$ cat input.cif   # mmCIF, C-alpha atoms (C1' of nucleotides)
data_run
#
loop_
_atom_site.label_atom_id
_atom_site.label_comp_id
_atom_site.auth_asym_id
_atom_site.auth_seq_id
_atom_site.Cartn_x
_atom_site.Cartn_y
_atom_site.Cartn_z
CA MET D 1 11.94 -15.87 1.19
CA PRO D 2 12.93 -19.34 0.65
CA GLU D 3 11.69 -21.33 -2.25
CA LEU D 4 12.75 -24.90 -2.94
CA PRO D 5 16.41 -24.12 -3.74
CA GLU D 6 16.92 -22.13 -0.55
CA VAL D 7 15.26 -24.80 1.58
CA GLU D 8 17.28 -27.56 -0.07
CA VAL D 9 20.51 -25.58 0.31
CA THR D 10 19.67 -25.25 4.01
CA ARG D 11 18.96 -28.97 4.27
CA ARG D 12 22.22 -29.92 2.58
CA GLY D 13 24.14 -27.53 4.79
CA LEU D 14 22.76 -28.96 8.01
CA ALA D 15 22.42 -32.68 7.34
CA PRO D 16 26.09 -33.74 7.32
CA ASP D 17 26.69 -32.14 10.71
CA LEU D 18 23.49 -33.20 12.42
CA VAL D 19 22.19 -36.56 11.24
CA GLY D 20 23.04 -39.16 13.85
CA CYS D 21 23.42 -36.55 16.59
CA ARG D 22 21.41 -36.48 19.77
CA LEU D 23 19.06 -33.61 20.54
CA THR D 24 20.12 -32.37 23.95
CA GLY D 25 17.84 -29.38 24.42
CA THR D 26 15.33 -27.03 22.91
CA VAL D 27 14.61 -23.33 23.43
CA VAL D 28 11.45 -21.54 22.34
CA ARG D 29 11.82 -17.78 22.88
CA ASN D 30 8.71 -16.86 20.95
CA PRO D 31 6.15 -19.51 20.09
CA ALA D 32 3.99 -17.07 18.10
CA LEU D 33 4.96 -18.08 14.58
CA ARG D 34 2.39 -18.58 11.84
CA PHE D 35 1.03 -21.41 13.96
CA PRO D 36 1.93 -21.77 17.62
CA VAL D 37 5.17 -23.70 17.95
CA THR D 38 4.33 -27.25 18.95
CA PRO D 39 4.28 -27.35 22.74
CA ALA D 40 6.52 -29.78 24.55
CA LEU D 41 9.43 -29.78 22.15
CA ASP D 42 11.18 -30.94 25.31
CA SER D 43 9.79 -34.42 24.88
CA LEU D 44 12.17 -34.83 21.94
CA VAL D 45 15.24 -34.24 24.07
CA GLY D 46 17.42 -37.33 24.20
CA GLN D 47 16.27 -38.57 20.78
CA ASP D 48 18.69 -39.07 17.91
CA LEU D 49 18.15 -37.22 14.64
CA LEU D 50 17.69 -40.05 12.16
CA GLY D 51 17.46 -37.94 9.02
CA LEU D 52 16.85 -34.48 7.63
CA GLY D 53 14.34 -34.53 4.81
CA ARG D 54 12.39 -32.05 2.74
CA ARG D 55 8.93 -31.98 1.23
CA GLY D 56 8.34 -28.91 -0.90
CA LYS D 57 9.44 -25.98 1.21
CA TYR D 58 9.09 -27.92 4.47
CA LEU D 59 12.17 -29.28 6.25
CA LEU D 60 11.66 -32.51 8.13
CA PHE D 61 13.78 -33.26 11.19
CA GLU D 62 13.15 -36.98 11.49
CA PHE D 63 13.15 -38.74 14.85
CA ASP D 64 12.10 -42.23 15.82
CA ALA D 65 8.60 -41.22 16.85
CA GLY D 66 7.87 -38.68 14.15
CA SER D 67 9.10 -35.50 12.49
CA LEU D 68 9.62 -31.93 13.47
CA ILE D 69 8.31 -29.98 10.48
CA VAL D 70 9.98 -26.61 9.92
CA HIS D 71 8.84 -23.99 7.41
CA LEU D 72 10.85 -20.83 6.86
CA GLY D 73 7.96 -18.63 5.74
CA MET D 74 9.04 -15.45 3.96
CA SER D 75 11.97 -14.39 6.09
CA GLY D 76 13.20 -17.45 7.98
CA SER D 77 16.66 -18.96 8.06
CA LEU D 78 18.31 -21.80 9.97
CA ARG D 79 21.92 -21.50 11.01
CA LEU D 80 24.26 -23.96 12.64
CA LEU D 81 26.10 -22.20 15.45
CA SER D 82 28.09 -22.86 18.58
CA ALA D 83 25.64 -23.44 21.40
CA ALA D 84 27.35 -20.57 23.23
CA THR D 85 26.37 -18.00 20.58
CA PRO D 86 24.06 -15.40 22.15
CA ALA D 87 20.61 -15.23 20.61
CA GLU D 88 19.62 -12.01 18.88
CA LYS D 89 16.36 -10.37 18.01
CA HIS D 90 14.04 -12.65 15.98
CA ASP D 91 15.89 -15.81 17.03
CA HIS D 92 12.75 -17.68 18.03
CA VAL D 93 13.64 -21.37 18.31
CA ASP D 94 16.80 -23.39 19.05
CA LEU D 95 17.41 -27.09 18.59
CA VAL D 96 20.48 -27.91 20.64
CA PHE D 97 22.74 -30.80 19.67
CA GLY D 98 25.48 -30.89 22.29
CA GLU D 99 27.95 -28.09 21.56
CA ARG D 100 26.02 -26.92 18.50
CA VAL D 101 22.65 -25.34 17.97
CA VAL D 102 20.31 -25.04 15.01
CA ARG D 103 18.78 -21.58 15.36
CA LEU D 104 15.63 -20.37 13.60
CA ARG D 105 15.63 -16.65 12.87
CA ASP D 106 12.42 -15.31 11.33
CA PRO D 107 11.70 -11.57 11.53
CA ARG D 108 8.25 -11.75 9.99
CA ARG D 109 7.22 -14.88 11.89
CA PHE D 110 5.46 -16.49 8.94
CA GLY D 111 7.41 -19.68 9.57
CA ALA D 112 6.32 -22.76 11.48
CA VAL D 113 7.70 -25.45 13.78
CA LEU D 114 5.28 -28.35 14.12
CA TRP D 115 5.55 -31.86 15.53
CA GLN D 116 3.95 -34.67 13.55
CA PRO D 117 3.95 -38.15 15.06
CA GLY D 118 4.52 -40.95 12.57
CA ARG D 119 4.79 -40.02 8.92
CA ALA D 120 5.36 -36.33 8.20
CA GLU D 121 3.36 -36.60 4.96
CA ASP D 122 0.28 -37.30 7.05
CA HIS D 123 0.32 -33.77 8.46
CA PRO D 124 -2.62 -31.79 7.06
CA LEU D 125 -0.29 -29.09 5.70
CA LEU D 126 1.64 -31.67 3.70
CA ALA D 127 -1.13 -34.05 2.75
CA GLY D 128 -2.44 -32.09 -0.23
CA LEU D 129 0.88 -31.11 -1.77
CA GLY D 130 1.64 -31.75 -5.42
CA PRO D 131 4.71 -33.58 -6.67
CA GLU D 132 8.35 -32.56 -6.29
CA PRO D 133 9.60 -30.59 -9.30
CA LEU D 134 12.98 -32.32 -9.32
CA SER D 135 11.44 -35.81 -9.27
CA GLU D 136 10.77 -37.94 -12.33
CA VAL D 137 7.14 -36.85 -12.23
CA LEU D 138 7.61 -33.39 -13.71
CA ASP D 139 7.70 -33.59 -17.46
CA GLY D 140 5.76 -32.15 -20.40
CA PRO D 141 2.94 -34.71 -20.49
CA TRP D 142 2.41 -34.46 -16.74
CA LEU D 143 2.28 -30.66 -16.80
CA TYR D 144 -0.07 -30.72 -19.78
CA GLN D 145 -2.45 -33.02 -17.92
CA ALA D 146 -2.17 -31.04 -14.67
CA THR D 147 -3.14 -27.75 -16.33
CA ARG D 148 -6.13 -28.85 -18.42
CA ASN D 149 -8.86 -27.48 -16.18
CA ARG D 150 -6.87 -24.56 -14.79
CA SER D 151 -8.06 -21.26 -16.21
CA ALA D 152 -5.89 -19.15 -13.90
CA PRO D 153 -2.71 -17.54 -15.24
CA ILE D 154 0.14 -20.03 -15.55
CA LYS D 155 2.27 -18.00 -13.12
CA GLN D 156 -0.26 -18.51 -10.35
CA VAL D 157 -0.80 -22.17 -11.22
CA LEU D 158 2.96 -22.76 -11.05
CA MET D 159 3.05 -21.19 -7.59
CA ASP D 160 0.13 -23.28 -6.33
CA ALA D 161 1.61 -26.01 -4.13
CA ARG D 162 -1.30 -28.31 -4.92
CA THR D 163 -0.10 -28.35 -8.53
CA LEU D 164 3.61 -28.59 -7.85
CA VAL D 165 5.65 -27.77 -4.75
CA GLY D 166 8.66 -25.55 -4.35
CA VAL D 167 8.12 -22.87 -6.99
CA GLY D 168 7.58 -19.41 -5.50
CA ASN D 169 7.55 -15.89 -6.83
CA ILE D 170 11.17 -15.71 -7.97
CA TYR D 171 11.42 -19.07 -9.69
CA ALA D 172 7.99 -18.84 -11.29
CA SER D 173 9.06 -15.66 -13.10
CA GLU D 174 12.47 -17.09 -13.95
CA SER D 175 11.07 -20.38 -15.25
CA LEU D 176 8.48 -18.64 -17.44
CA PHE D 177 11.20 -16.46 -18.92
CA ARG D 178 13.33 -19.49 -19.76
CA ALA D 179 10.30 -21.15 -21.35
CA GLY D 180 9.37 -18.02 -23.33
CA ILE D 181 5.84 -17.94 -21.90
CA ASP D 182 3.91 -14.81 -20.88
CA PRO D 183 3.01 -15.14 -17.17
CA ARG D 184 -0.57 -14.03 -17.88
CA THR D 185 -1.31 -16.96 -20.19
CA SER D 186 -4.19 -19.08 -18.95
CA ALA D 187 -2.67 -22.42 -17.92
CA ARG D 188 -5.17 -24.44 -19.91
CA CYS D 189 -4.20 -22.60 -23.08
CA LEU D 190 -0.71 -24.06 -23.06
CA GLY D 191 -0.22 -26.82 -25.61
CA ARG D 192 1.98 -29.90 -25.27
CA VAL D 193 5.03 -28.19 -26.71
CA ARG D 194 4.93 -25.24 -24.33
CA CYS D 195 4.18 -27.52 -21.37
CA ALA D 196 7.28 -29.54 -22.22
CA ARG D 197 9.37 -26.39 -22.48
CA LEU D 198 8.03 -25.11 -19.17
CA ALA D 199 8.57 -28.38 -17.33
CA GLN D 200 12.18 -28.40 -18.47
CA ALA D 201 12.59 -24.71 -17.62
CA VAL D 202 11.37 -25.27 -14.05
CA ARG D 203 13.86 -28.08 -13.55
CA ASP D 204 16.71 -26.12 -15.12
CA THR D 205 15.95 -23.01 -13.07
CA LEU D 206 15.71 -24.81 -9.75
CA GLU D 207 18.83 -26.84 -10.39
CA ALA D 208 20.85 -23.79 -11.42
CA ALA D 209 19.69 -22.00 -8.29
CA LEU D 210 20.68 -24.97 -6.14
CA VAL D 211 24.18 -24.97 -7.61
CA ALA D 212 24.46 -21.24 -6.84
CA GLY D 213 23.36 -21.72 -3.23
CA GLY D 214 19.95 -20.11 -3.72
CA SER D 215 18.99 -16.44 -4.01
CA THR D 216 19.89 -14.02 -1.23
CA LEU D 217 17.77 -10.85 -1.52
CA ARG D 218 17.07 -9.81 2.07
CA ASP D 219 16.82 -12.40 4.77
CA PHE D 220 17.96 -15.68 3.32
CA ILE D 221 21.32 -16.95 4.49
CA ARG D 222 22.77 -20.43 4.34
CA SER D 223 23.22 -22.55 7.44
CA ASP D 224 26.88 -21.47 7.63
CA GLY D 225 25.96 -17.78 7.43
CA SER D 226 27.02 -17.30 3.81
CA SER D 227 24.85 -15.90 1.01
CA GLY D 228 23.48 -17.56 -2.07
CA TYR D 229 24.36 -15.86 -5.34
CA PHE D 230 21.71 -17.00 -7.81
CA GLN D 231 20.23 -13.49 -7.70
CA LEU D 232 23.20 -12.45 -9.86
CA GLN D 233 21.90 -14.78 -12.56
CA HIS D 234 18.23 -13.72 -12.45
CA PHE D 235 16.98 -13.05 -15.97
CA VAL D 236 13.92 -11.06 -14.91
CA TYR D 237 13.13 -11.13 -11.18
CA GLY D 238 13.82 -7.74 -9.62
CA ARG D 239 15.03 -6.31 -12.94
CA GLU D 240 12.16 -4.00 -13.94
CA GLY D 241 13.37 -1.44 -16.47
CA GLU D 242 16.72 -3.14 -16.98
CA PRO D 243 17.53 -4.64 -20.38
CA CYS D 244 16.59 -8.25 -21.07
CA ARG D 245 19.77 -10.31 -20.98
CA VAL D 246 18.68 -12.02 -24.21
CA CYS D 247 17.08 -9.34 -26.41
CA GLY D 248 17.76 -6.04 -24.64
CA ALA D 249 14.13 -4.98 -24.31
CA PRO D 250 13.27 -3.48 -20.91
CA ILE D 251 12.01 -5.98 -18.34
CA ARG D 252 8.45 -5.25 -17.27
CA CYS D 253 6.64 -5.77 -13.99
CA LEU D 254 2.95 -6.42 -13.39
CA ARG D 255 0.80 -7.52 -10.45
CA GLN D 256 -0.75 -10.97 -10.40
CA GLY D 257 -2.61 -12.07 -7.30
CA ASN D 258 -1.01 -9.20 -5.42
CA ARG D 259 2.49 -10.45 -6.29
CA SER D 260 5.00 -8.90 -8.66
CA SER D 261 5.64 -10.73 -11.91
CA PHE D 262 8.64 -9.82 -14.00
CA TYR D 263 8.86 -10.66 -17.69
CA CYS D 264 10.23 -9.68 -21.08
CA SER D 265 7.45 -8.74 -23.44
CA ARG D 266 9.58 -9.59 -26.47
CA CYS D 267 10.90 -12.99 -25.33
CA GLN D 268 7.72 -14.16 -23.63
CA ARG D 269 4.48 -14.62 -25.55
"C1'" DC U 1 -13.76 -27.83 -7.69
"C1'" DT U 2 -11.38 -23.32 -8.86
"C1'" DC U 3 -10.45 -18.49 -8.43
"C1'" DG U 4 -9.42 -14.06 -6.30
"C1'" DC U 5 -8.55 -11.75 -2.39
"C1'" DC U 6 -7.28 -10.97 2.53
"C1'" DA U 7 -4.69 -11.92 6.41
"C1'" DC U 8 -0.73 -12.81 9.26
"C1'" DC U 9 4.12 -9.84 10.78
"C1'" DT U 10 8.30 -6.91 10.83
"C1'" DG U 11 11.58 -3.93 8.66
"C1'" DG U 12 13.54 -1.27 4.94
"C1'" DG U 13 13.27 2.19 1.52
"C1'" DG U 14 11.36 6.15 -0.86
"C1'" DG U 15 8.72 10.40 -0.93
"C1'" DC U 16 7.30 14.46 1.32
"C1'" DT E 1 14.73 13.83 11.03
"C1'" DG E 2 10.19 11.96 11.08
"C1'" DC E 3 6.14 10.00 9.30
"C1'" DC E 4 3.50 7.41 6.12
"C1'" DC E 5 2.89 4.39 2.66
"C1'" DC E 6 4.40 0.65 -0.07
"C1'" DC E 7 6.95 -3.35 -0.71
"C1'" DA E 8 9.02 -8.01 0.44
"C1'" DG E 9 11.11 -14.97 -1.18
"C1'" DG E 10 4.54 -18.04 1.66
"C1'" DT E 11 0.26 -19.90 2.10
"C1'" DG E 12 -4.15 -20.98 4.83
"C1'" DG E 13 -8.76 -19.55 4.76
"C1'" DC E 14 -12.59 -17.02 3.19
"C1'" DG E 15 -16.60 -16.08 0.02
"C1'" DA E 16 -18.15 -16.17 -4.77
#
$ encode --input "input.cif" --output "structure tokens"
Amino acid sequence: MPELPEVEVTRRGLAPDLVGCRLTGTVVRNPALRFPVTPALDSLVGQDLLGLGRRGKYLLFEFDAGSLIVHLGMSGSLRLLSAATPAEKHDHVDLVFGERVVRLRDPRRFGAVLWQPGRAEDHPLLAGLGPEPLSEVLDGPWLYQATRNRSAPIKQVLMDARTLVGVGNIYASESLFRAGIDPRTSARCLGRVRCARLAQAVRDTLEAALVAGGSTLRDFIRSDGSSGYFQLQHFVYGREGEPCRVCGAPIRCLRQGNRSSFYCSRCQR
DNA sequence: CTCGCCACCTGGGGGC
DNA sequence: TGCCCCCAGGTGGCGA
């Protein structure tokens, strides 16, 4: 489900209403997410939320003693609701802030809710992550250097969080289309020019998706319950057989690492 | 190291 | 209708 734009849209939707508020309760209806939900969420009750951060696709609820790390997996969403709203199926975890509640819904239960004392970046899941794609770091020279000893297809290297965080299956396909690069190209075969084009394409794609509120295909909804609409602007993702928006050739689909990759064989070489 | 593949889990859609 | 198989936005962990 959520890639960087969807997670960031969620963060921006929640932060203005929650930062500075006191956590007054927690509810764990089903702790069996990808990892067991951190026991004793209760110990956070009474603490003030100092900030709501993000690292890659992880949301960081920052308290004085550490951070509650939340990952939305494939099908997770966080909504801000009245605390009186009845929970429904797949509503696994609540963070209650007085009259309001942040509710995690995650049908597939690939998400995670983990407590990390101290600095969130010290958590083992976050420690090995690559740089943020919307930071100053991502540019042509950096991408060129980062791909030199990577023989895997560029699509899979883009989706590897140790290379770069935040780019998942949708935005990898979309970024490669915008850069005019075939997703099967070995990463190390990209020259400086194509690396520069791809770095810019990743930034442009993620920023355009952010502006559109992310992509809503199945499960993703914003914290206020509304949908993102970037899916209406997808050039290739989910468009197999439909005409390329640039050249009209039919969009093709192939499997890479057991994931679908969509591309235009005329625009991408 | 890196790569390629499997696993986790539920639900929706298509084909028969 | 019902059943079965495939597919889905992520990513840790395994063996090669």
$ closest_residue --input "input.cif" --among "D:Gly130, D:Gly66, D:Gly73, D:His90" --to "Pro117 (chain D)" --atoms "all atoms listed in the file"
D:Gly66
$ resolve_selection --input "input.cif" --expression "the PyMOL selection byres ((chain U) within 9 of (chain D))" --output "list of chain:residue names"
U:DT2, U:DC3, U:DG4, U:DC5, U:DC8, U:DC9, U:DT10, U:DG11
$ residues_around --input "input.cif" --residues "region 2-16 of chain E" --least-positions-apart "3" --cutoff "7 Å" --atoms "only C-alpha atoms (C1' of nucleotides)" --output "ChimeraX atom specification"
/D:1-3,73-74,169-170
$ resolve_selection --input "input.cif" --expression "the PyMOL selection byres ((chain D and resi 97) around 12)" --output "PDB file with C-alpha atoms, in the coordinates of the input"
ATOM      1  CA  LEU D  14      22.760 -28.960   8.010  1.00  0.00           C
ATOM      2  CA  ASP D  17      26.690 -32.140  10.710  1.00  0.00           C
ATOM      3  CA  LEU D  18      23.490 -33.200  12.420  1.00  0.00           C
ATOM      4  CA  VAL D  19      22.190 -36.560  11.240  1.00  0.00           C
ATOM      5  CA  GLY D  20      23.040 -39.160  13.850  1.00  0.00           C
ATOM      6  CA  CYS D  21      23.420 -36.550  16.590  1.00  0.00           C
ATOM      7  CA  ARG D  22      21.410 -36.480  19.770  1.00  0.00           C
ATOM      8  CA  LEU D  23      19.060 -33.610  20.540  1.00  0.00           C
ATOM      9  CA  THR D  24      20.120 -32.370  23.950  1.00  0.00           C
ATOM     10  CA  GLY D  25      17.840 -29.380  24.420  1.00  0.00           C
ATOM     11  CA  THR D  26      15.330 -27.030  22.910  1.00  0.00           C
ATOM     12  CA  VAL D  27      14.610 -23.330  23.430  1.00  0.00           C
ATOM     13  CA  LEU D  44      12.170 -34.830  21.940  1.00  0.00           C
ATOM     14  CA  VAL D  45      15.240 -34.240  24.070  1.00  0.00           C
ATOM     15  CA  GLY D  46      17.420 -37.330  24.200  1.00  0.00           C
ATOM     16  CA  GLN D  47      16.270 -38.570  20.780  1.00  0.00           C
ATOM     17  CA  ASP D  48      18.690 -39.070  17.910  1.00  0.00           C
ATOM     18  CA  LEU D  49      18.150 -37.220  14.640  1.00  0.00           C
ATOM     19  CA  LEU D  80      24.260 -23.960  12.640  1.00  0.00           C
ATOM     20  CA  LEU D  81      26.100 -22.200  15.450  1.00  0.00           C
ATOM     21  CA  SER D  82      28.090 -22.860  18.580  1.00  0.00           C
ATOM     22  CA  ALA D  83      25.640 -23.440  21.400  1.00  0.00           C
ATOM     23  CA  ALA D  84      27.350 -20.570  23.230  1.00  0.00           C
ATOM     24  CA  ASP D  94      16.800 -23.390  19.050  1.00  0.00           C
ATOM     25  CA  LEU D  95      17.410 -27.090  18.590  1.00  0.00           C
ATOM     26  CA  VAL D  96      20.480 -27.910  20.640  1.00  0.00           C
ATOM     27  CA  GLY D  98      25.480 -30.890  22.290  1.00  0.00           C
ATOM     28  CA  GLU D  99      27.950 -28.090  21.560  1.00  0.00           C
ATOM     29  CA  ARG D 100      26.020 -26.920  18.500  1.00  0.00           C
ATOM     30  CA  VAL D 101      22.650 -25.340  17.970  1.00  0.00           C
ATOM     31  CA  VAL D 102      20.310 -25.040  15.010  1.00  0.00           C
ATOM     32  CA  ARG D 103      18.780 -21.580  15.360  1.00  0.00           C
TER      33      ARG D 103
END
$ resolve_selection --input "input.cif" --expression "the PyMOL selection byres ((chain D) within 12 of (chain E))" --output "number ranges by chain"
D: 1-7, 34-35, 56-58, 71-77, 107-112, 124-126, 129, 159-162, 165-172, 214-221, 231, 237-238, 258-260
$ atom_distance --input "input.cif" --atom1 "CA of Leu190 (chain D)" --atom2 "CA of His234 (chain D)"
24.0 Å
$ atom_distance --input "input.cif" --atom1 "CA of Gln256 (chain D)" --atom2 "CA of Leu198 (chain D)"
18.8 Å
$ atom_distance --input "input.cif" --atom1 "CA of Pro86 (chain D)" --atom2 "CA of Gly213 (chain D)"
26.2 Å
$ axis_aligned_box --input "input.cif" --around "chain U" --padding-each-side "3 Å" --output "lines of an AutoDock Vina configuration file"
center_x = -0.1
center_y = -6.7
center_z = 1.0
size_x = 33.3
size_y = 48.3
size_z = 25.7
$ closest_residue --input "input.cif" --among "D:Val9, D:Ala212, D:Leu143, D:Ile154" --to "Ala196 (chain D)" --atoms "all atoms listed in the file"
D:Leu143
$ build_atoms --input "input.cif" --residues "region 133-158 of chain D" --atoms "N, CA and C atoms" --output "PDB file, in the frame of the given file"
ATOM      1  N   PRO D 133       9.217 -30.983  -7.935  1.00  0.00           N
ATOM      2  CA  PRO D 133       9.600 -30.590  -9.300  1.00  0.00           C
ATOM      3  C   PRO D 133      10.893 -31.231  -9.789  1.00  0.00           C
ATOM      4  N   LEU D 134      11.727 -31.699  -8.883  1.00  0.00           N
ATOM      5  CA  LEU D 134      12.980 -32.320  -9.320  1.00  0.00           C
ATOM      6  C   LEU D 134      12.875 -33.845  -9.358  1.00  0.00           C
ATOM      7  N   SER D 135      11.641 -34.363  -9.162  1.00  0.00           N
ATOM      8  CA  SER D 135      11.440 -35.810  -9.270  1.00  0.00           C
ATOM      9  C   SER D 135      11.162 -36.171 -10.721  1.00  0.00           C
ATOM     10  N   GLU D 136      11.059 -37.447 -10.978  1.00  0.00           N
ATOM     11  CA  GLU D 136      10.770 -37.940 -12.330  1.00  0.00           C
ATOM     12  C   GLU D 136       9.403 -37.480 -12.827  1.00  0.00           C
ATOM     13  N   VAL D 137       8.535 -37.145 -11.871  1.00  0.00           N
ATOM     14  CA  VAL D 137       7.140 -36.850 -12.230  1.00  0.00           C
ATOM     15  C   VAL D 137       7.018 -35.668 -13.187  1.00  0.00           C
ATOM     16  N   LEU D 138       7.788 -34.618 -12.924  1.00  0.00           N
ATOM     17  CA  LEU D 138       7.610 -33.390 -13.710  1.00  0.00           C
ATOM     18  C   LEU D 138       8.182 -33.545 -15.116  1.00  0.00           C
ATOM     19  N   ASP D 139       7.286 -33.642 -16.058  1.00  0.00           N
ATOM     20  CA  ASP D 139       7.700 -33.590 -17.460  1.00  0.00           C
ATOM     21  C   ASP D 139       6.557 -32.962 -18.256  1.00  0.00           C
ATOM     22  N   GLY D 140       6.747 -32.827 -19.554  1.00  0.00           N
ATOM     23  CA  GLY D 140       5.760 -32.150 -20.400  1.00  0.00           C
ATOM     24  C   GLY D 140       4.371 -32.775 -20.322  1.00  0.00           C
ATOM     25  N   PRO D 141       4.268 -34.075 -20.531  1.00  0.00           N
ATOM     26  CA  PRO D 141       2.940 -34.710 -20.490  1.00  0.00           C
ATOM     27  C   PRO D 141       2.250 -34.526 -19.131  1.00  0.00           C
ATOM     28  N   TRP D 142       3.017 -34.630 -18.059  1.00  0.00           N
ATOM     29  CA  TRP D 142       2.410 -34.460 -16.740  1.00  0.00           C
ATOM     30  C   TRP D 142       1.888 -33.033 -16.586  1.00  0.00           C
ATOM     31  N   LEU D 143       2.696 -32.052 -16.971  1.00  0.00           N
ATOM     32  CA  LEU D 143       2.280 -30.660 -16.800  1.00  0.00           C
ATOM     33  C   LEU D 143       1.068 -30.346 -17.691  1.00  0.00           C
ATOM     34  N   TYR D 144       1.068 -30.920 -18.872  1.00  0.00           N
ATOM     35  CA  TYR D 144      -0.070 -30.720 -19.780  1.00  0.00           C
ATOM     36  C   TYR D 144      -1.349 -31.234 -19.123  1.00  0.00           C
ATOM     37  N   GLN D 145      -1.275 -32.430 -18.575  1.00  0.00           N
ATOM     38  CA  GLN D 145      -2.450 -33.020 -17.920  1.00  0.00           C
ATOM     39  C   GLN D 145      -2.869 -32.196 -16.700  1.00  0.00           C
ATOM     40  N   ALA D 146      -1.871 -31.727 -15.936  1.00  0.00           N
ATOM     41  CA  ALA D 146      -2.170 -31.040 -14.670  1.00  0.00           C
ATOM     42  C   ALA D 146      -2.781 -29.657 -14.878  1.00  0.00           C
ATOM     43  N   THR D 147      -2.665 -29.113 -16.084  1.00  0.00           N
ATOM     44  CA  THR D 147      -3.140 -27.750 -16.330  1.00  0.00           C
ATOM     45  C   THR D 147      -4.425 -27.706 -17.150  1.00  0.00           C
ATOM     46  N   ARG D 148      -4.983 -28.850 -17.495  1.00  0.00           N
ATOM     47  CA  ARG D 148      -6.130 -28.850 -18.420  1.00  0.00           C
ATOM     48  C   ARG D 148      -7.341 -28.071 -17.920  1.00  0.00           C
ATOM     49  N   ASN D 149      -7.658 -28.199 -16.632  1.00  0.00           N
ATOM     50  CA  ASN D 149      -8.860 -27.480 -16.180  1.00  0.00           C
ATOM     51  C   ASN D 149      -8.488 -26.277 -15.306  1.00  0.00           C
ATOM     52  N   ARG D 150      -7.298 -25.723 -15.563  1.00  0.00           N
ATOM     53  CA  ARG D 150      -6.870 -24.560 -14.790  1.00  0.00           C
ATOM     54  C   ARG D 150      -6.942 -23.324 -15.681  1.00  0.00           C
ATOM     55  N   SER D 151      -7.895 -22.464 -15.387  1.00  0.00           N
ATOM     56  CA  SER D 151      -8.060 -21.260 -16.210  1.00  0.00           C
ATOM     57  C   SER D 151      -7.214 -20.101 -15.689  1.00  0.00           C
ATOM     58  N   ALA D 152      -6.678 -20.228 -14.496  1.00  0.00           N
ATOM     59  CA  ALA D 152      -5.890 -19.150 -13.900  1.00  0.00           C
ATOM     60  C   ALA D 152      -4.595 -18.950 -14.705  1.00  0.00           C
ATOM     61  N   PRO D 153      -3.982 -17.778 -14.561  1.00  0.00           N
ATOM     62  CA  PRO D 153      -2.710 -17.540 -15.240  1.00  0.00           C
ATOM     63  C   PRO D 153      -1.660 -18.575 -14.840  1.00  0.00           C
ATOM     64  N   ILE D 154      -0.845 -18.976 -15.796  1.00  0.00           N
ATOM     65  CA  ILE D 154       0.140 -20.030 -15.550  1.00  0.00           C
ATOM     66  C   ILE D 154       1.085 -19.668 -14.404  1.00  0.00           C
ATOM     67  N   LYS D 155       1.396 -18.386 -14.236  1.00  0.00           N
ATOM     68  CA  LYS D 155       2.270 -18.000 -13.120  1.00  0.00           C
ATOM     69  C   LYS D 155       1.680 -18.426 -11.793  1.00  0.00           C
ATOM     70  N   GLN D 156       0.378 -18.162 -11.625  1.00  0.00           N
ATOM     71  CA  GLN D 156      -0.260 -18.510 -10.350  1.00  0.00           C
ATOM     72  C   GLN D 156      -0.448 -20.009 -10.193  1.00  0.00           C
ATOM     73  N   VAL D 157      -0.673 -20.709 -11.284  1.00  0.00           N
ATOM     74  CA  VAL D 157      -0.800 -22.170 -11.220  1.00  0.00           C
ATOM     75  C   VAL D 157       0.542 -22.804 -10.845  1.00  0.00           C
ATOM     76  N   LEU D 158       1.622 -22.241 -11.385  1.00  0.00           N
ATOM     77  CA  LEU D 158       2.960 -22.760 -11.050  1.00  0.00           C
ATOM     78  C   LEU D 158       3.267 -22.585  -9.566  1.00  0.00           C
TER      79      LEU D 158
END
